[in-house]
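Heads up: the structure comes next, in structure tokens.
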Amino acid sequence: MDLYEHQARELFAEHGIVVPRAEVTSSSKEARAIARGLGGRAVVKAQVKTGGRGKAGGVKLAADPAAAELTARQILGMDIKGHTVRKVMLAQPVDIESEFYVSYVLDRATGTFLAIASAEGGMDIEEVAATRPEAVARIPVDPAEGVTTAAAARIAHAAGLPPQAVDVLVRLWGVLTREDALLVEVNPLVRTAQGDILALDGKVTLDDNARFRQQRWGAQEIAHDDPLEARAAAKGLNYVKLDGEVGVIGNGAGLVMSTLDVVAGCGARPANFLDIGGGASAQVMADGLGVILDDPAVRSVLVNVFGGITACDAVADGIVRALESVRLTKPLVVRLDGNNAARGRAILDDRAHPLVRQATTMDGAARQAADLARDPACLNPA
Ligand code: GDP
Ligand code: MN
């Protein structure tokens, strides 16, 4: 789960990293009062869980409380990369002398943490990393040792950060480890004209496995920008919307992932990932089918099940019962294999739904589903 900037800076402050004074609001009237409280001038910042707000016009300096109200009114409701701005943060402006970049991220490839730091932080860090990778230091962190003062000094030295950044690097490691984060990023970390070091922006991604320890942020549910994903999540389905036209349902994440590949191999594009897991409940099948059929991009649906503890006949029963509550509007190709496959196929044959097809192999099923997505007429060849 990603935190909002204002939540990330709350954590930073608790760990002794200096942040500018700031307050959050959803009202432009209140923005005016907050700016007054901050001394008149304020940086008005969109609170959305995406980067690049500055370039999108979501970070603006207001010269006085009246301007802060006007700017807040402009930014509230703005769409930034598909995220609607519902809150703004007003921060006391600081006099920036230099902008740095620092982050710790879990590097799954090497199975360790990586410190990434650069003396050329700010809004163009992606471009710096792409065009001049040598300007961005990437240093593995031994998770058992952590970021000691000595380790932080090495990181700061490699990136060309000023000596005062060492303390911030140690504290930021504390945020990562003690707050169950997988990523902490400060961009920009700035040095002011007065020589102070402050975190002006923050991104924190918490480990969802530690959600039970993070009740503090738990009140807010996961934000799903896609309405189908939101619906699926509300029904407890393991569903991810994709861009294609072949709906996919399978049991087991590995099987579903392979199914997506096989569909793509047939020249079609999967419309979603949906793992219905080990159970064969008709309710789960009905919920999953309901979500997939309501995706206007879907032209055919592929059910790929390998029967194990939950046998294929139970899955077939689930499909038949799901068809009682869900009106099938698009062709459905079912491939049942594994435990009790023959019994499962017989159950579907008996049901003889005009839009349901069966296939015995995964490749054959994917090919049928792909063909049907291209041309639904091939369901009933004349
Ligand atoms: P992002 O674009 O989403 O990463 O948003 P940031 O919070 O990083 O803000 C973008 C840029 O606005 C920063 O790189 C700074 O250059 C600038 N900025 C943010 N806060 C302040 C501030 O308090 N004072 C000044 N002068 N510039 C700021
Ligand atoms: Mn930033």
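We label chains A, B, ... in the order they appear in the structure tokens, count residues from 1 in each chain, and number ligands from 1 in the order shown.
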Extract, using only C-alpha atoms, all DNA, RNA and protein residues at most 7 Å from region 90-102 of chain A, discarding same-chain residues fewer than 2 positions from it, and format them as a PyMOL selection string. chain A and resi 20-24+35+38+41-45+88+116-122+185-193
DSSP on the backbone, helix (DSSP H, G or I) only: what residues of region 33-203 of chain A does that give? Format it as an MDAnalysis selection string. chainID A and resid 33:37 65:75 125:131 133:135 149:159 165:178
Non-local contacts of region 364-375 of chain A (10 Å; only C-alpha atoms; under 3 positions in same chain excluded) as a PyMOL selection string: chain A and resi 244-248+259-270+297-304+330-336+357-361+378-379
Keeping only N, CA, C and O atoms, write the selected residues to a file as a compact mmCIF listing (two decimals), in the first residue's frame.
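Once everything was written out, this is part10.txt:
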```txt
# COMPACT_ATOMS: atom_id res chain seq x y z
N GLY A 244 -6.98 -6.64 -22.89
CA GLY A 244 -7.40 -7.43 -24.05
C GLY A 244 -8.88 -7.74 -24.14
O GLY A 244 -9.71 -7.06 -23.52
N GLU A 245 -9.21 -8.81 -24.89
CA GLU A 245 -10.60 -9.12 -25.20
C GLU A 245 -10.99 -10.55 -24.81
O GLU A 245 -12.13 -10.93 -24.95
N VAL A 246 -10.02 -11.35 -24.32
CA VAL A 246 -10.35 -12.71 -23.87
C VAL A 246 -10.35 -12.72 -22.33
O VAL A 246 -9.31 -12.57 -21.69
N GLY A 247 -11.55 -12.89 -21.76
CA GLY A 247 -11.65 -12.99 -20.31
C GLY A 247 -11.05 -14.31 -19.86
O GLY A 247 -11.20 -15.32 -20.54
N VAL A 248 -10.36 -14.31 -18.72
CA VAL A 248 -9.68 -15.53 -18.26
C VAL A 248 -10.04 -15.82 -16.81
O VAL A 248 -10.00 -14.94 -15.95
N THR A 259 -1.97 -19.27 -18.57
CA THR A 259 -3.10 -19.13 -19.47
C THR A 259 -3.03 -17.80 -20.22
O THR A 259 -3.30 -17.73 -21.42
N LEU A 260 -2.64 -16.75 -19.49
CA LEU A 260 -2.50 -15.44 -20.14
C LEU A 260 -1.46 -15.54 -21.27
O LEU A 260 -1.67 -15.02 -22.37
N ASP A 261 -0.36 -16.23 -20.99
CA ASP A 261 0.70 -16.39 -22.00
C ASP A 261 0.19 -17.16 -23.21
O ASP A 261 0.47 -16.80 -24.35
N VAL A 262 -0.56 -18.24 -22.95
CA VAL A 262 -1.03 -19.07 -24.06
C VAL A 262 -2.03 -18.29 -24.91
O VAL A 262 -2.01 -18.37 -26.14
N VAL A 263 -2.89 -17.52 -24.25
CA VAL A 263 -3.85 -16.69 -25.01
C VAL A 263 -3.07 -15.72 -25.90
O VAL A 263 -3.35 -15.56 -27.09
N ALA A 264 -2.04 -15.10 -25.32
CA ALA A 264 -1.23 -14.16 -26.10
C ALA A 264 -0.53 -14.89 -27.24
O ALA A 264 -0.41 -14.36 -28.35
N GLY A 265 -0.11 -16.13 -26.98
CA GLY A 265 0.54 -16.94 -28.02
C GLY A 265 -0.39 -17.25 -29.18
O GLY A 265 0.05 -17.54 -30.29
N CYS A 266 -1.70 -17.20 -28.93
CA CYS A 266 -2.69 -17.46 -29.99
C CYS A 266 -3.04 -16.16 -30.72
O CYS A 266 -4.01 -16.11 -31.49
N GLY A 267 -2.31 -15.10 -30.43
CA GLY A 267 -2.54 -13.85 -31.15
C GLY A 267 -3.68 -13.02 -30.59
O GLY A 267 -4.09 -12.04 -31.20
N ALA A 268 -4.19 -13.39 -29.42
CA ALA A 268 -5.24 -12.58 -28.79
C ALA A 268 -4.65 -11.92 -27.54
O ALA A 268 -3.51 -12.19 -27.17
N ARG A 269 -5.44 -11.07 -26.90
CA ARG A 269 -4.94 -10.44 -25.69
C ARG A 269 -5.87 -10.76 -24.52
O ARG A 269 -7.09 -10.61 -24.65
N PRO A 270 -5.31 -11.20 -23.39
CA PRO A 270 -6.16 -11.47 -22.23
C PRO A 270 -6.77 -10.17 -21.69
O PRO A 270 -6.13 -9.13 -21.69
N ALA A 297 -14.95 -4.77 -23.08
CA ALA A 297 -13.90 -5.18 -24.03
C ALA A 297 -13.89 -6.69 -24.24
O ALA A 297 -13.36 -7.18 -25.24
N VAL A 298 -14.50 -7.44 -23.32
CA VAL A 298 -14.45 -8.90 -23.40
C VAL A 298 -15.33 -9.42 -24.52
O VAL A 298 -16.49 -9.04 -24.66
N ARG A 299 -14.76 -10.33 -25.36
CA ARG A 299 -15.53 -10.89 -26.47
C ARG A 299 -15.70 -12.40 -26.32
O ARG A 299 -16.57 -13.00 -26.94
N SER A 300 -14.84 -13.02 -25.51
CA SER A 300 -15.01 -14.44 -25.20
C SER A 300 -14.37 -14.68 -23.84
O SER A 300 -13.55 -13.88 -23.38
N VAL A 301 -14.78 -15.79 -23.20
CA VAL A 301 -14.24 -16.09 -21.86
C VAL A 301 -13.65 -17.49 -21.87
O VAL A 301 -14.23 -18.42 -22.44
N LEU A 302 -12.49 -17.62 -21.25
CA LEU A 302 -11.80 -18.91 -21.16
C LEU A 302 -11.70 -19.32 -19.70
O LEU A 302 -11.14 -18.59 -18.88
N VAL A 303 -12.29 -20.49 -19.38
CA VAL A 303 -12.14 -21.04 -18.02
C VAL A 303 -11.15 -22.18 -18.11
O VAL A 303 -11.37 -23.15 -18.84
N ASN A 304 -10.05 -22.06 -17.41
CA ASN A 304 -9.00 -23.08 -17.45
C ASN A 304 -8.76 -23.60 -16.04
O ASN A 304 -8.22 -22.90 -15.20
N LYS A 330 -21.64 -13.92 -23.72
CA LYS A 330 -20.49 -14.08 -24.61
C LYS A 330 -20.05 -15.53 -24.57
O LYS A 330 -20.27 -16.22 -23.57
N PRO A 331 -19.44 -16.02 -25.64
CA PRO A 331 -19.03 -17.44 -25.66
C PRO A 331 -18.05 -17.78 -24.56
O PRO A 331 -17.17 -16.99 -24.23
N LEU A 332 -18.24 -18.97 -23.98
CA LEU A 332 -17.42 -19.43 -22.87
C LEU A 332 -16.75 -20.74 -23.26
O LEU A 332 -17.43 -21.70 -23.63
N VAL A 333 -15.43 -20.76 -23.23
CA VAL A 333 -14.69 -22.00 -23.53
C VAL A 333 -14.16 -22.54 -22.22
O VAL A 333 -13.51 -21.82 -21.45
N VAL A 334 -14.46 -23.84 -21.94
CA VAL A 334 -14.04 -24.44 -20.68
C VAL A 334 -13.06 -25.57 -20.95
O VAL A 334 -13.32 -26.43 -21.80
N ARG A 335 -11.95 -25.53 -20.25
CA ARG A 335 -11.01 -26.66 -20.30
C ARG A 335 -10.87 -27.19 -18.90
O ARG A 335 -10.43 -26.50 -17.98
N LEU A 336 -11.32 -28.44 -18.73
CA LEU A 336 -11.18 -29.10 -17.43
C LEU A 336 -10.19 -30.23 -17.59
O LEU A 336 -10.31 -31.06 -18.49
N ARG A 357 -18.53 -23.95 -24.82
CA ARG A 357 -17.72 -24.89 -25.59
C ARG A 357 -16.75 -25.58 -24.65
O ARG A 357 -16.32 -24.97 -23.69
N GLN A 358 -16.33 -26.79 -24.97
CA GLN A 358 -15.31 -27.43 -24.16
C GLN A 358 -14.09 -27.77 -25.00
O GLN A 358 -14.20 -28.02 -26.20
N ALA A 359 -12.96 -27.79 -24.36
CA ALA A 359 -11.72 -28.19 -25.02
C ALA A 359 -10.95 -29.05 -24.04
O ALA A 359 -11.11 -28.91 -22.82
N THR A 360 -10.13 -29.95 -24.55
CA THR A 360 -9.44 -30.86 -23.63
C THR A 360 -8.02 -30.39 -23.31
O THR A 360 -7.47 -30.77 -22.29
N THR A 361 -7.47 -29.54 -24.17
CA THR A 361 -6.11 -29.05 -23.86
C THR A 361 -6.14 -27.54 -23.65
O THR A 361 -7.04 -26.84 -24.11
N CYS A 378 -17.80 -17.96 -35.37
CA CYS A 378 -17.23 -19.31 -35.51
C CYS A 378 -17.71 -20.24 -34.41
O CYS A 378 -17.37 -21.42 -34.38
N LEU A 379 -18.56 -19.73 -33.49
CA LEU A 379 -19.18 -20.61 -32.50
C LEU A 379 -20.14 -21.57 -33.19
O LEU A 379 -20.28 -22.73 -32.84
```
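Running DSSP on the backbone and keeping only strand (DSSP E or B), the residues of region 86-127 of chain A that qualify are Val88, Met89, Leu90, Ala91, Ile96, Glu97, Ser98, Glu99, Phe100, Tyr101, Val102, Ser103, Tyr104, Val105, Leu106, Asp107, Thr112, Phe113, Leu114, Ala115, Ile116, Ala117 and Ser118 of chain A.
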Might you pull out every residue within 10 Å of Gly236 (chain A), with only C-alpha atoms counted and same-chain residues fewer than 4 positions away left off, and present them as an MDAnalysis selection string? chainID A and resid 230:232 276 284 287:288
Resulting file, chosen residues, N, CA and C atoms, as a PDB file, in the first residue's frame:
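For reference, out-v1.pdb as written:
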```
ATOM      1  N   ALA A 230     -12.483  -2.606  -8.607  1.00  0.00           N
ATOM      2  CA  ALA A 230     -13.099  -2.230  -7.330  1.00  0.00           C
ATOM      3  C   ALA A 230     -14.218  -3.217  -6.987  1.00  0.00           C
ATOM      4  N   ARG A 231     -15.038  -3.551  -8.002  1.00  0.00           N
ATOM      5  CA  ARG A 231     -16.142  -4.484  -7.778  1.00  0.00           C
ATOM      6  C   ARG A 231     -15.619  -5.859  -7.394  1.00  0.00           C
ATOM      7  N   ALA A 232     -14.603  -6.309  -8.144  1.00  0.00           N
ATOM      8  CA  ALA A 232     -14.018  -7.628  -7.866  1.00  0.00           C
ATOM      9  C   ALA A 232     -13.430  -7.665  -6.457  1.00  0.00           C
ATOM     10  N   ILE A 276      -9.464 -17.994  -9.203  1.00  0.00           N
ATOM     11  CA  ILE A 276     -10.560 -18.284  -8.271  1.00  0.00           C
ATOM     12  C   ILE A 276     -10.099 -19.214  -7.151  1.00  0.00           C
ATOM     13  N   VAL A 284     -18.381 -18.021  -6.193  1.00  0.00           N
ATOM     14  CA  VAL A 284     -17.144 -17.410  -6.693  1.00  0.00           C
ATOM     15  C   VAL A 284     -17.149 -17.417  -8.220  1.00  0.00           C
ATOM     16  N   ASP A 287     -19.614 -14.775  -9.341  1.00  0.00           N
ATOM     17  CA  ASP A 287     -19.061 -13.429  -9.127  1.00  0.00           C
ATOM     18  C   ASP A 287     -18.007 -13.115 -10.187  1.00  0.00           C
ATOM     19  N   GLY A 288     -17.123 -14.092 -10.429  1.00  0.00           N
ATOM     20  CA  GLY A 288     -16.049 -13.885 -11.402  1.00  0.00           C
ATOM     21  C   GLY A 288     -16.602 -13.702 -12.802  1.00  0.00           C
TER      22      GLY A 288
END
```
Please provide as a list in words all residues within 12 Å of Thr329 (chain A), with the sequence filter that same-chain residues fewer than 5 positions apart are discarded (counting only C-alpha atoms). Leu289, Gly290, Ile292, Leu293, Asp294, Asp295, Pro296, Val298, Arg299, Ser300, Val301, Leu323, His353, Pro354, Leu355, Val356 and Pro376 of chain A
Take the residues that were just selected and, keeping C-alpha atoms, output them as a PDB file, in the first residue's frame.
```pdb
ATOM      1  CA  LEU A 289     -18.137 -14.447 -14.520  1.00  0.00           C
ATOM      2  CA  GLY A 290     -20.291 -11.453 -13.620  1.00  0.00           C
ATOM      3  CA  ILE A 292     -15.727 -10.446 -16.634  1.00  0.00           C
ATOM      4  CA  LEU A 293     -18.955 -10.341 -18.671  1.00  0.00           C
ATOM      5  CA  ASP A 294     -19.505  -6.726 -17.621  1.00  0.00           C
ATOM      6  CA  ASP A 295     -16.166  -5.761 -19.123  1.00  0.00           C
ATOM      7  CA  PRO A 296     -17.241  -4.227 -22.448  1.00  0.00           C
ATOM      8  CA  VAL A 298     -14.445  -8.902 -23.402  1.00  0.00           C
ATOM      9  CA  ARG A 299     -15.531 -10.892 -26.469  1.00  0.00           C
ATOM     10  CA  SER A 300     -15.008 -14.438 -25.199  1.00  0.00           C
ATOM     11  CA  VAL A 301     -14.236 -16.093 -21.865  1.00  0.00           C
ATOM     12  CA  LEU A 323     -25.116 -19.989 -15.166  1.00  0.00           C
ATOM     13  CA  HIS A 353     -25.607 -24.358 -22.962  1.00  0.00           C
ATOM     14  CA  PRO A 354     -25.464 -22.945 -26.517  1.00  0.00           C
ATOM     15  CA  LEU A 355     -22.677 -20.491 -25.646  1.00  0.00           C
ATOM     16  CA  VAL A 356     -20.480 -22.996 -23.793  1.00  0.00           C
ATOM     17  CA  PRO A 376     -18.044 -14.864 -32.504  1.00  0.00           C
TER      18      PRO A 376
END
```
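The space between CA of Leu114 (chain A) and CA of Met257 (chain A) spans 28.3 Å.
With only C-alpha atoms and all ligand atoms as the atoms that count, the residue of A:Ile34, A:Ala63, A:Met123, A:Ala8 with the shortest distance to ligand 1 is A:Met123.
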Name the closest residue to ligand 2 among the candidates A:Lys203, A:Arg343, A:Arg9, A:Lys241; distances are taken between atoms, counting only C-alpha atoms and all ligand atoms.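 Checking each of A:Lys203, A:Arg343, A:Arg9, A:Lys241 against ligand 2, counting only C-alpha atoms and all ligand atoms, the winner is A:Lys203.
If you measure from each of A:Ala137, A:Val166, A:Ala130, A:Leu76 to Ala150 (chain A) using only C-alpha atoms, the closest one turns out to be A:Val166.
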Please provide the set of residues having any atom within 9 Å of Leu183 (chain A), restricted to only C-alpha atoms, with same-chain residues fewer than 5 positions apart removed, written as a PDB file with C-alpha atoms, in the first residue's frame.
```pdb
ATOM      1  CA  SER A 103      15.655   6.139  -1.566  1.00  0.00           C
ATOM      2  CA  TYR A 104      15.778   2.600  -0.245  1.00  0.00           C
ATOM      3  CA  VAL A 105      14.010  -0.071  -2.204  1.00  0.00           C
ATOM      4  CA  LEU A 106      13.694  -3.827  -1.929  1.00  0.00           C
ATOM      5  CA  LEU A 176      11.936   1.547   6.142  1.00  0.00           C
ATOM      6  CA  LYS A 203       6.937   8.360  -1.000  1.00  0.00           C
ATOM      7  CA  VAL A 204       6.455   5.304   1.208  1.00  0.00           C
ATOM      8  CA  THR A 205       5.174   1.905   0.113  1.00  0.00           C
ATOM      9  CA  LEU A 206       4.207  -0.352   3.009  1.00  0.00           C
ATOM     10  CA  ASP A 207       4.458  -4.126   2.871  1.00  0.00           C
TER      11      ASP A 207
END
```
Considering only C-alpha atoms and all ligand atoms, state which residue in the set A:Ala322, A:Val147, A:Ala253, A:Leu200 is at the smallest distance from ligand 2. A:Leu200
Top pick for closest residue to ligand 2, considering A:Ala346, A:Val315, A:Ala199, A:Ala165 and counting only C-alpha atoms and all ligand atoms: A:Ala199
Extract, using only C-alpha atoms, all DNA, RNA and protein residues at most 9 Å from Ala46 (chain A), discarding same-chain residues fewer than 5 positions from it, and format them as a ChimeraX atom specification. /A:53-54,57-59,72,75-76,78,80,85-89
For each of A:Met362, A:Ala135, A:Leu198, A:Leu161, take the minimum atom-to-atom distance to ligand 1, counting only C-alpha atoms and all ligand atoms, then give the residue where this is smallest.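 Using only C-alpha atoms and all ligand atoms, ligand 1 sits closest to A:Leu198.
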What does the structure give for the distance between atom 8 (O, counted along the ligand's line) of ligand 1 and CA of Lys55 (chain A), in Å to one decimal? 9.4 Å
